[in-house]
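Peer 1: Below are the C-alpha cells for one structure; questions will follow.
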Amino acid sequence: MSDDVALPGALEKKGPLPFAAPPYWLDLASEDYKNCCRDEKGVPLDPILAQALPSPAELIDAPLESEDPLREEEHSPLPRLVHQYASRLLIRVTGTCPLYCRHCFRRNLLPSEQGFISDEEIFLVQQYVQNHPELREVLISGGDPLSASTERLEALFAKLREARSGIFFRLCTRAPVSLPERVDGKLVSMLKKYKPLRMVIQANHPKELSSLFLEKIDMILAAGIPVRSQTVLLRGINDDAGVLEALFVGLSRAGVDPYYLFQGDLAAGTAHFRVPLSRGLTIYGELRKRLSGLEIPRYAVDAPDGAGKIYLPEGLIGLESGFWRLKAPDGSIHFYPEEA
Ligand code: SF4
C-alpha cells in the first residue's frame, strides 16, 4: 500500500515521514503531482497534493514545535497505548498508512511503529483492559488501522472483546477518504459483528468527497455503523469559511456527522500548515452563522502541554504577548501561540 507512486528524486526523502499516496488520492487533484505548482516554500498549491507530497518546508522546525506535540508519551502506560482520559484507551495499532498526511501530528512517531501490533502486545493490552474497569471505550488508531488486513483487525477486536465484552470501539481511520476501495463487503460485515462500534474519519477538503467515498460511506452506514468526521484547519487547504462550509454540508448530506475542527498541533515540521488561532476563530465565527447545529463541528485545540482538548472559543481567556491563555474543562490554564 505504501509508496504506490514514485516522486521526483529531490522530494523523496524530506524529513522523518515517509511518502505514500494511493493513485486514487493523487487522481483527486487538479494537477499532475509530478509537475504541480508550488508556493514560495515549495508546498503544492493544490489542496489534495499539499496533504500528500513532501516539501522543503517540513525540514524547518519552529521553536515551539515538538516531536510529540500532545505529550502522548506521558500518558503511555505501555508501548502503543495512550490512556489520557479515564474512560478511553487509545491503541496505535500500526504506524503504517495508505496516505501519509504531511500535517499528521504523529508524523515523527509513525516511522518507528510500522507494522501491526504483535500478539504479545495484544496480550498486554488485554491485561490492561481487564485491570482498568473505568474504561468504556477503546480507540483503534495508528497510523491507519485499515492498512492492516480485515483478518488481523478482526483478531484484535475479538481479543479486546474477550478482555471486556461490550466495550465500545472507535475505529479512527482515514481510509474511506484516502483509499475508499479498502472498504469492501468483507470489512463491513466484519465490523458489523463488533458493535457497538463507531468510525471516525478525517476529511479536510470538499474534493475528498468523491462518488466512490459517498458509496463506501453508504455501505458503512447501511451496516448500522455511525460515522463522524474530524477536520484539521490547514493553511492554504481549507482556511476559508466557504471551503469548510462546503465540506461540512457535504459530509452531513452523506450522513457523516462533523465532529471536530482541530486547530493545528505544534508538530515538528508543520508550521507551514498552521493557521493563526485568531484567524481560525474568525473562520469559525463565520461558520456558526452559515451552518446548522447538525452541520457544524466543535472547534478545539489540543493543549501543547498534554492537557487534552480545549474547546474554542469557550476555553479562551485572552491573548497576552503572542500567546493565547486557555482554560481546560478542569479549570487548569494552558498556552498556545498565536503564530508558530
Ligand atoms: S492517515 Fe492519520 S495517522 Fe496516517 S498520516 Fe494521515 S493523519 Fe496521520
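Letters A, B, ... mark the chains of the C-alpha cells in the order given; residue numbers begin at 1 per chain; ligand numbers begin at 1, in order shown.
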Quick one: residues within 10 Å of ligand 1, with only C-alpha atoms and all ligand atoms, as a ChimeraX atom specification?
Peer 2: /A:17-20,51-52,92,94-110,141-147,172-175,177-178,201-203,231-232
Peer 1: Would you save the residues from that selection as a compact mmCIF listing (two decimals), in the first residue's frame, using N, CA and C atoms?
Peer 2:
# COMPACT_ATOMS: atom_id res chain seq x y z
N LEU A 17 8.92 11.66 7.95
CA LEU A 17 7.72 10.95 7.49
C LEU A 17 7.92 10.40 6.08
N PRO A 18 7.69 9.09 5.89
CA PRO A 18 7.82 8.56 4.53
C PRO A 18 6.75 9.15 3.61
N PHE A 19 6.91 8.90 2.34
CA PHE A 19 5.88 9.29 1.38
C PHE A 19 5.10 8.06 0.95
N ALA A 20 3.79 8.15 1.01
CA ALA A 20 2.93 7.14 0.39
C ALA A 20 1.61 7.81 0.07
N GLN A 51 -1.50 17.90 0.92
CA GLN A 51 -1.61 16.97 2.05
C GLN A 51 -0.73 15.74 1.87
N ALA A 52 -0.27 15.50 0.63
CA ALA A 52 0.41 14.23 0.34
C ALA A 52 1.89 14.36 -0.01
N ARG A 92 -2.36 2.62 19.32
CA ARG A 92 -1.77 2.87 18.00
C ARG A 92 -1.42 1.49 17.43
N THR A 94 -0.86 0.42 14.46
CA THR A 94 0.15 0.37 13.40
C THR A 94 0.63 1.79 13.11
N GLY A 95 1.85 1.89 12.61
CA GLY A 95 2.34 3.20 12.17
C GLY A 95 2.24 3.35 10.67
N THR A 96 1.60 2.39 10.01
CA THR A 96 1.50 2.40 8.55
C THR A 96 0.20 3.08 8.12
N CYS A 97 0.25 3.81 7.02
CA CYS A 97 -0.95 4.47 6.46
C CYS A 97 -0.90 4.38 4.95
N PRO A 98 -2.05 4.21 4.28
CA PRO A 98 -2.05 4.25 2.81
C PRO A 98 -1.61 5.62 2.30
N LEU A 99 -2.01 6.67 3.04
CA LEU A 99 -1.61 8.04 2.70
C LEU A 99 -0.92 8.62 3.93
N TYR A 100 0.31 9.08 3.77
CA TYR A 100 0.95 9.78 4.88
C TYR A 100 0.66 11.27 4.73
N CYS A 101 -0.19 11.76 5.63
CA CYS A 101 -0.61 13.16 5.58
C CYS A 101 0.53 14.02 6.11
N ARG A 102 0.92 15.00 5.35
CA ARG A 102 2.10 15.79 5.72
C ARG A 102 1.87 16.57 7.01
N HIS A 103 0.61 16.81 7.37
CA HIS A 103 0.31 17.60 8.57
C HIS A 103 0.12 16.73 9.80
N CYS A 104 0.28 15.43 9.68
CA CYS A 104 -0.07 14.49 10.77
C CYS A 104 0.67 14.85 12.07
N PHE A 105 -0.05 14.89 13.18
CA PHE A 105 0.62 15.23 14.45
C PHE A 105 1.47 14.08 14.97
N ARG A 106 1.26 12.88 14.44
CA ARG A 106 2.13 11.74 14.82
C ARG A 106 3.20 11.50 13.76
N ARG A 107 3.48 12.47 12.92
CA ARG A 107 4.37 12.27 11.78
C ARG A 107 5.77 11.84 12.21
N ASN A 108 6.19 12.24 13.41
CA ASN A 108 7.53 11.89 13.85
C ASN A 108 7.58 10.54 14.56
N LEU A 109 6.41 9.99 14.84
CA LEU A 109 6.32 8.72 15.57
C LEU A 109 6.06 7.54 14.64
N LEU A 110 5.31 7.80 13.57
CA LEU A 110 4.85 6.70 12.71
C LEU A 110 5.99 5.82 12.18
N SER A 141 -6.51 3.18 16.73
CA SER A 141 -5.93 4.29 15.97
C SER A 141 -4.59 3.86 15.41
N GLY A 142 -3.78 4.82 14.98
CA GLY A 142 -2.49 4.46 14.41
C GLY A 142 -1.65 5.71 14.20
N GLY A 143 -1.09 5.82 12.99
CA GLY A 143 -1.29 5.14 11.72
C GLY A 143 -2.76 4.90 11.36
N ASP A 144 -2.92 4.17 10.28
CA ASP A 144 -4.28 3.87 9.84
C ASP A 144 -4.56 2.38 10.04
N PRO A 145 -5.48 2.06 10.97
CA PRO A 145 -5.77 0.64 11.24
C PRO A 145 -6.19 -0.12 9.98
N LEU A 146 -6.80 0.59 9.02
CA LEU A 146 -7.26 -0.12 7.82
C LEU A 146 -6.12 -0.40 6.83
N SER A 147 -4.89 -0.08 7.21
CA SER A 147 -3.76 -0.55 6.41
C SER A 147 -3.49 -2.03 6.72
N CYS A 172 -10.58 4.74 14.24
CA CYS A 172 -10.11 6.02 13.70
C CYS A 172 -9.34 5.73 12.43
N THR A 173 -9.88 6.10 11.30
CA THR A 173 -9.25 5.74 10.03
C THR A 173 -9.49 6.82 8.98
N ARG A 174 -8.51 7.00 8.12
CA ARG A 174 -8.69 7.92 7.00
C ARG A 174 -8.97 7.15 5.72
N ALA A 175 -8.95 5.83 5.79
CA ALA A 175 -9.04 5.02 4.57
C ALA A 175 -10.31 5.29 3.73
N VAL A 177 -11.56 7.90 3.05
CA VAL A 177 -11.27 9.14 2.32
C VAL A 177 -10.05 8.97 1.41
N SER A 178 -9.02 8.31 1.92
CA SER A 178 -7.75 8.25 1.18
C SER A 178 -7.66 7.04 0.25
N ILE A 201 -13.57 9.39 10.77
CA ILE A 201 -12.70 9.59 9.62
C ILE A 201 -12.10 11.00 9.69
N GLN A 202 -11.13 11.27 8.83
CA GLN A 202 -10.62 12.64 8.70
C GLN A 202 -10.86 13.11 7.27
N ALA A 203 -11.51 14.25 7.13
CA ALA A 203 -11.73 14.85 5.81
C ALA A 203 -11.43 16.34 5.92
N THR A 231 -11.67 17.26 11.13
CA THR A 231 -11.04 18.09 10.11
C THR A 231 -9.93 18.87 10.79
N VAL A 232 -8.79 18.97 10.13
CA VAL A 232 -7.69 19.79 10.65
C VAL A 232 -7.70 21.10 9.86
Peer 1: Show which residues sit within 10 Å of Lys193 in chain A, as an MDAnalysis selection string. Count only C-alpha atoms, and ignore same-chain residues fewer than 4 positions away.
Peer 2: chainID A and resid 154 157:158 188:189 197 223
Peer 1: So how many Å separate CA of Phe213 in chain A and CA of Met190 in chain A, to one decimal?
Peer 2: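 It comes out at 19.3 Å.
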Peer 1: Between A:Leu89, A:Val249, A:Ile217, A:Leu261, which residue has the minimum interatomic distance to His132 in chain A, considering only C-alpha atoms?
Peer 2: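 The answer is A:Leu89, which sits nearest to His132 in chain A.
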Peer 1: Might you pull out every residue within 12 Å of Gln130 in chain A, with only C-alpha atoms counted and same-chain residues fewer than 5 positions away left off, and present them as a PyMOL selection string?
Peer 2: chain A and resi 123-125+135-136+159-165+167
Peer 1: CA of Val129 in chain A and CA of Asp68 in chain A are how many Å apart?
Peer 2: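 CA of Asp68 in chain A lies at a distance of 24.4 Å from CA of Val129 in chain A.
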Peer 1: Which residues come within 8 Å of Asn204 in chain A, counting only C-alpha atoms, excluding same-chain residues fewer than 3 positions away, as an NGL selection string?
Peer 2: :A and (208 or 230-233 or 237-238 or 247)
Peer 1: Please, could you write that set of residues out with C-alpha atoms as a JSON list (two decimals), in the first residue's frame?
Peer 2:
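Writing done, so here's selection07.json:
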[["chain", "number", "residue", "atom", "x", "y", "z"],
["A", 208, "GLU", "CA", -12.24, 14.42, -0.88],
["A", 230, "GLN", "CA", -12.57, 15.23, 12.07],
["A", 231, "THR", "CA", -11.04, 18.09, 10.11],
["A", 232, "VAL", "CA", -7.69, 19.79, 10.65],
["A", 233, "LEU", "CA", -7.61, 23.52, 9.92],
["A", 237, "ILE", "CA", -6.00, 23.92, 2.09],
["A", 238, "ASN", "CA", -9.18, 24.78, 3.98],
["A", 247, "LEU", "CA", -17.06, 20.29, 3.32]]
Peer 1: Please run DSSP on the backbone and report, as number ranges by chain, all residues within range 172-246 of chain A that come out as alpha helix (DSSP H).
Peer 2: A: 175-178, 185-192, 211-222, 241-246
Peer 1: Work out how far CA of Ile48 in chain A is from CA of Met219 in chain A, in Å to one decimal.
Peer 2: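 Taking CA of Met219 in chain A and CA of Ile48 in chain A, their separation equals 24.3 Å.
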Peer 1: Any idea what's packed within 9 Å of Ile220 in chain A, counting only C-alpha atoms, ignoring anything in its chain fewer than 4 positions away? Could you give it as a ChimeraX atom specification?
Peer 2: /A:183,188,191-192,199,215-216,224-227
Peer 1: With C-alpha atoms kept, could you save the residues just selected as a PDB file, in the first residue's frame?
Peer 2:
ATOM      1  CA  VAL A 183     -13.881  -0.500   2.345  1.00  0.00           C
ATOM      2  CA  VAL A 188     -18.073  -4.031   6.620  1.00  0.00           C
ATOM      3  CA  LEU A 191     -17.156  -4.512  11.583  1.00  0.00           C
ATOM      4  CA  LYS A 192     -20.881  -5.154  11.878  1.00  0.00           C
ATOM      5  CA  MET A 199     -15.993   5.075  12.820  1.00  0.00           C
ATOM      6  CA  GLU A 215     -20.732   4.968  -1.982  1.00  0.00           C
ATOM      7  CA  LYS A 216     -18.490   3.495   0.721  1.00  0.00           C
ATOM      8  CA  GLY A 224     -25.613   0.456  11.241  1.00  0.00           C
ATOM      9  CA  ILE A 225     -22.161   1.863  11.968  1.00  0.00           C
ATOM     10  CA  PRO A 226     -22.283   5.607  12.777  1.00  0.00           C
ATOM     11  CA  VAL A 227     -19.595   7.744  11.101  1.00  0.00           C
TER      12      VAL A 227
END
Peer 1: Against range 292-309 of chain A, which residues of range 30-99 of chain A fall within 6 Å? For each one I want the closest pair of atoms and the distance in Å (one decimal), counting only C-alpha atoms, rows by chain and increasing residue number, as a tab-separated table.
Peer 2:
residue	atom	partner	partner_atom	distance
A:Pro69	CA	A:Pro304	CA	5.8
A:Leu70	CA	A:Gly306	CA	4.8
A:Arg71	CA	A:Gly306	CA	4.8
Peer 1: Pull C-alpha atoms from the residues just selected and write them as a short mmCIF file (atom, residue, chain, number, x, y, z; two decimals), in the first residue's frame.
Peer 2:
data_model
loop_
_atom_site.label_atom_id
_atom_site.label_comp_id
_atom_site.auth_asym_id
_atom_site.auth_seq_id
_atom_site.Cartn_x
_atom_site.Cartn_y
_atom_site.Cartn_z
CA PRO A 69 3.04 17.66 20.49
CA LEU A 70 0.22 16.07 22.51
CA ARG A 71 2.68 14.55 25.01
#
Peer 1: Pick out each residue of range 148-284 of chain A that DSSP on the backbone tags as strand (DSSP E); I need them as a ChimeraX atom specification.
Peer 2: /A:168-172,197-202,227-232,257-262
Peer 1: Export, as a short mmCIF file (atom, residue, chain, number, x, y, z; two decimals), in the first residue's frame, the selected residues with N, CA and C atoms.
Peer 2:
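Final file, part-v7.cif:
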data_model
loop_
_atom_site.label_atom_id
_atom_site.label_comp_id
_atom_site.auth_asym_id
_atom_site.auth_seq_id
_atom_site.Cartn_x
_atom_site.Cartn_y
_atom_site.Cartn_z
N PHE A 168 -16.89 -0.39 24.03
CA PHE A 168 -17.12 0.37 22.78
C PHE A 168 -15.83 0.41 21.96
N PHE A 169 -15.98 0.34 20.65
CA PHE A 169 -14.84 0.56 19.76
C PHE A 169 -15.04 1.85 18.98
N ARG A 170 -13.96 2.61 18.88
CA ARG A 170 -13.94 3.77 17.99
C ARG A 170 -12.83 3.53 16.98
N LEU A 171 -13.19 3.28 15.75
CA LEU A 171 -12.21 3.00 14.70
C LEU A 171 -11.82 4.31 14.02
N CYS A 172 -10.58 4.74 14.24
CA CYS A 172 -10.11 6.02 13.70
C CYS A 172 -9.34 5.73 12.43
N LEU A 197 -19.74 -0.03 17.74
CA LEU A 197 -18.53 0.43 17.05
C LEU A 197 -18.89 1.69 16.27
N ARG A 198 -18.07 2.69 16.40
CA ARG A 198 -18.24 3.92 15.62
C ARG A 198 -16.99 4.12 14.79
N MET A 199 -17.15 4.75 13.65
CA MET A 199 -15.99 5.07 12.82
C MET A 199 -15.79 6.59 12.83
N VAL A 200 -14.54 7.00 12.99
CA VAL A 200 -14.21 8.43 12.89
C VAL A 200 -13.20 8.58 11.77
N ILE A 201 -13.57 9.39 10.77
CA ILE A 201 -12.70 9.59 9.62
C ILE A 201 -12.10 11.00 9.69
N GLN A 202 -11.13 11.27 8.83
CA GLN A 202 -10.62 12.64 8.70
C GLN A 202 -10.86 13.11 7.27
N VAL A 227 -20.87 7.18 11.57
CA VAL A 227 -19.60 7.74 11.10
C VAL A 227 -19.55 9.23 11.46
N ARG A 228 -18.44 9.63 12.05
CA ARG A 228 -18.19 11.04 12.36
C ARG A 228 -16.90 11.48 11.67
N SER A 229 -16.74 12.79 11.53
CA SER A 229 -15.54 13.27 10.84
C SER A 229 -14.76 14.25 11.68
N GLN A 230 -13.46 14.22 11.50
CA GLN A 230 -12.57 15.23 12.07
C GLN A 230 -11.92 15.98 10.90
N THR A 231 -11.67 17.26 11.13
CA THR A 231 -11.04 18.09 10.11
C THR A 231 -9.93 18.87 10.79
N VAL A 232 -8.79 18.97 10.13
CA VAL A 232 -7.69 19.79 10.65
C VAL A 232 -7.70 21.10 9.86
N ASP A 257 -21.45 12.79 10.53
CA ASP A 257 -21.61 13.92 11.45
C ASP A 257 -20.29 14.64 11.64
N PRO A 258 -20.18 15.93 11.26
CA PRO A 258 -18.95 16.68 11.54
C PRO A 258 -18.75 16.76 13.05
N TYR A 259 -17.58 16.34 13.50
CA TYR A 259 -17.35 16.12 14.93
C TYR A 259 -16.38 17.17 15.49
N TYR A 260 -15.17 17.23 14.92
CA TYR A 260 -14.20 18.22 15.39
C TYR A 260 -13.56 18.97 14.21
N LEU A 261 -13.32 20.26 14.43
CA LEU A 261 -12.42 21.04 13.59
C LEU A 261 -11.24 21.36 14.51
N PHE A 262 -10.06 20.84 14.17
CA PHE A 262 -8.91 20.99 15.05
C PHE A 262 -8.00 22.13 14.61
#
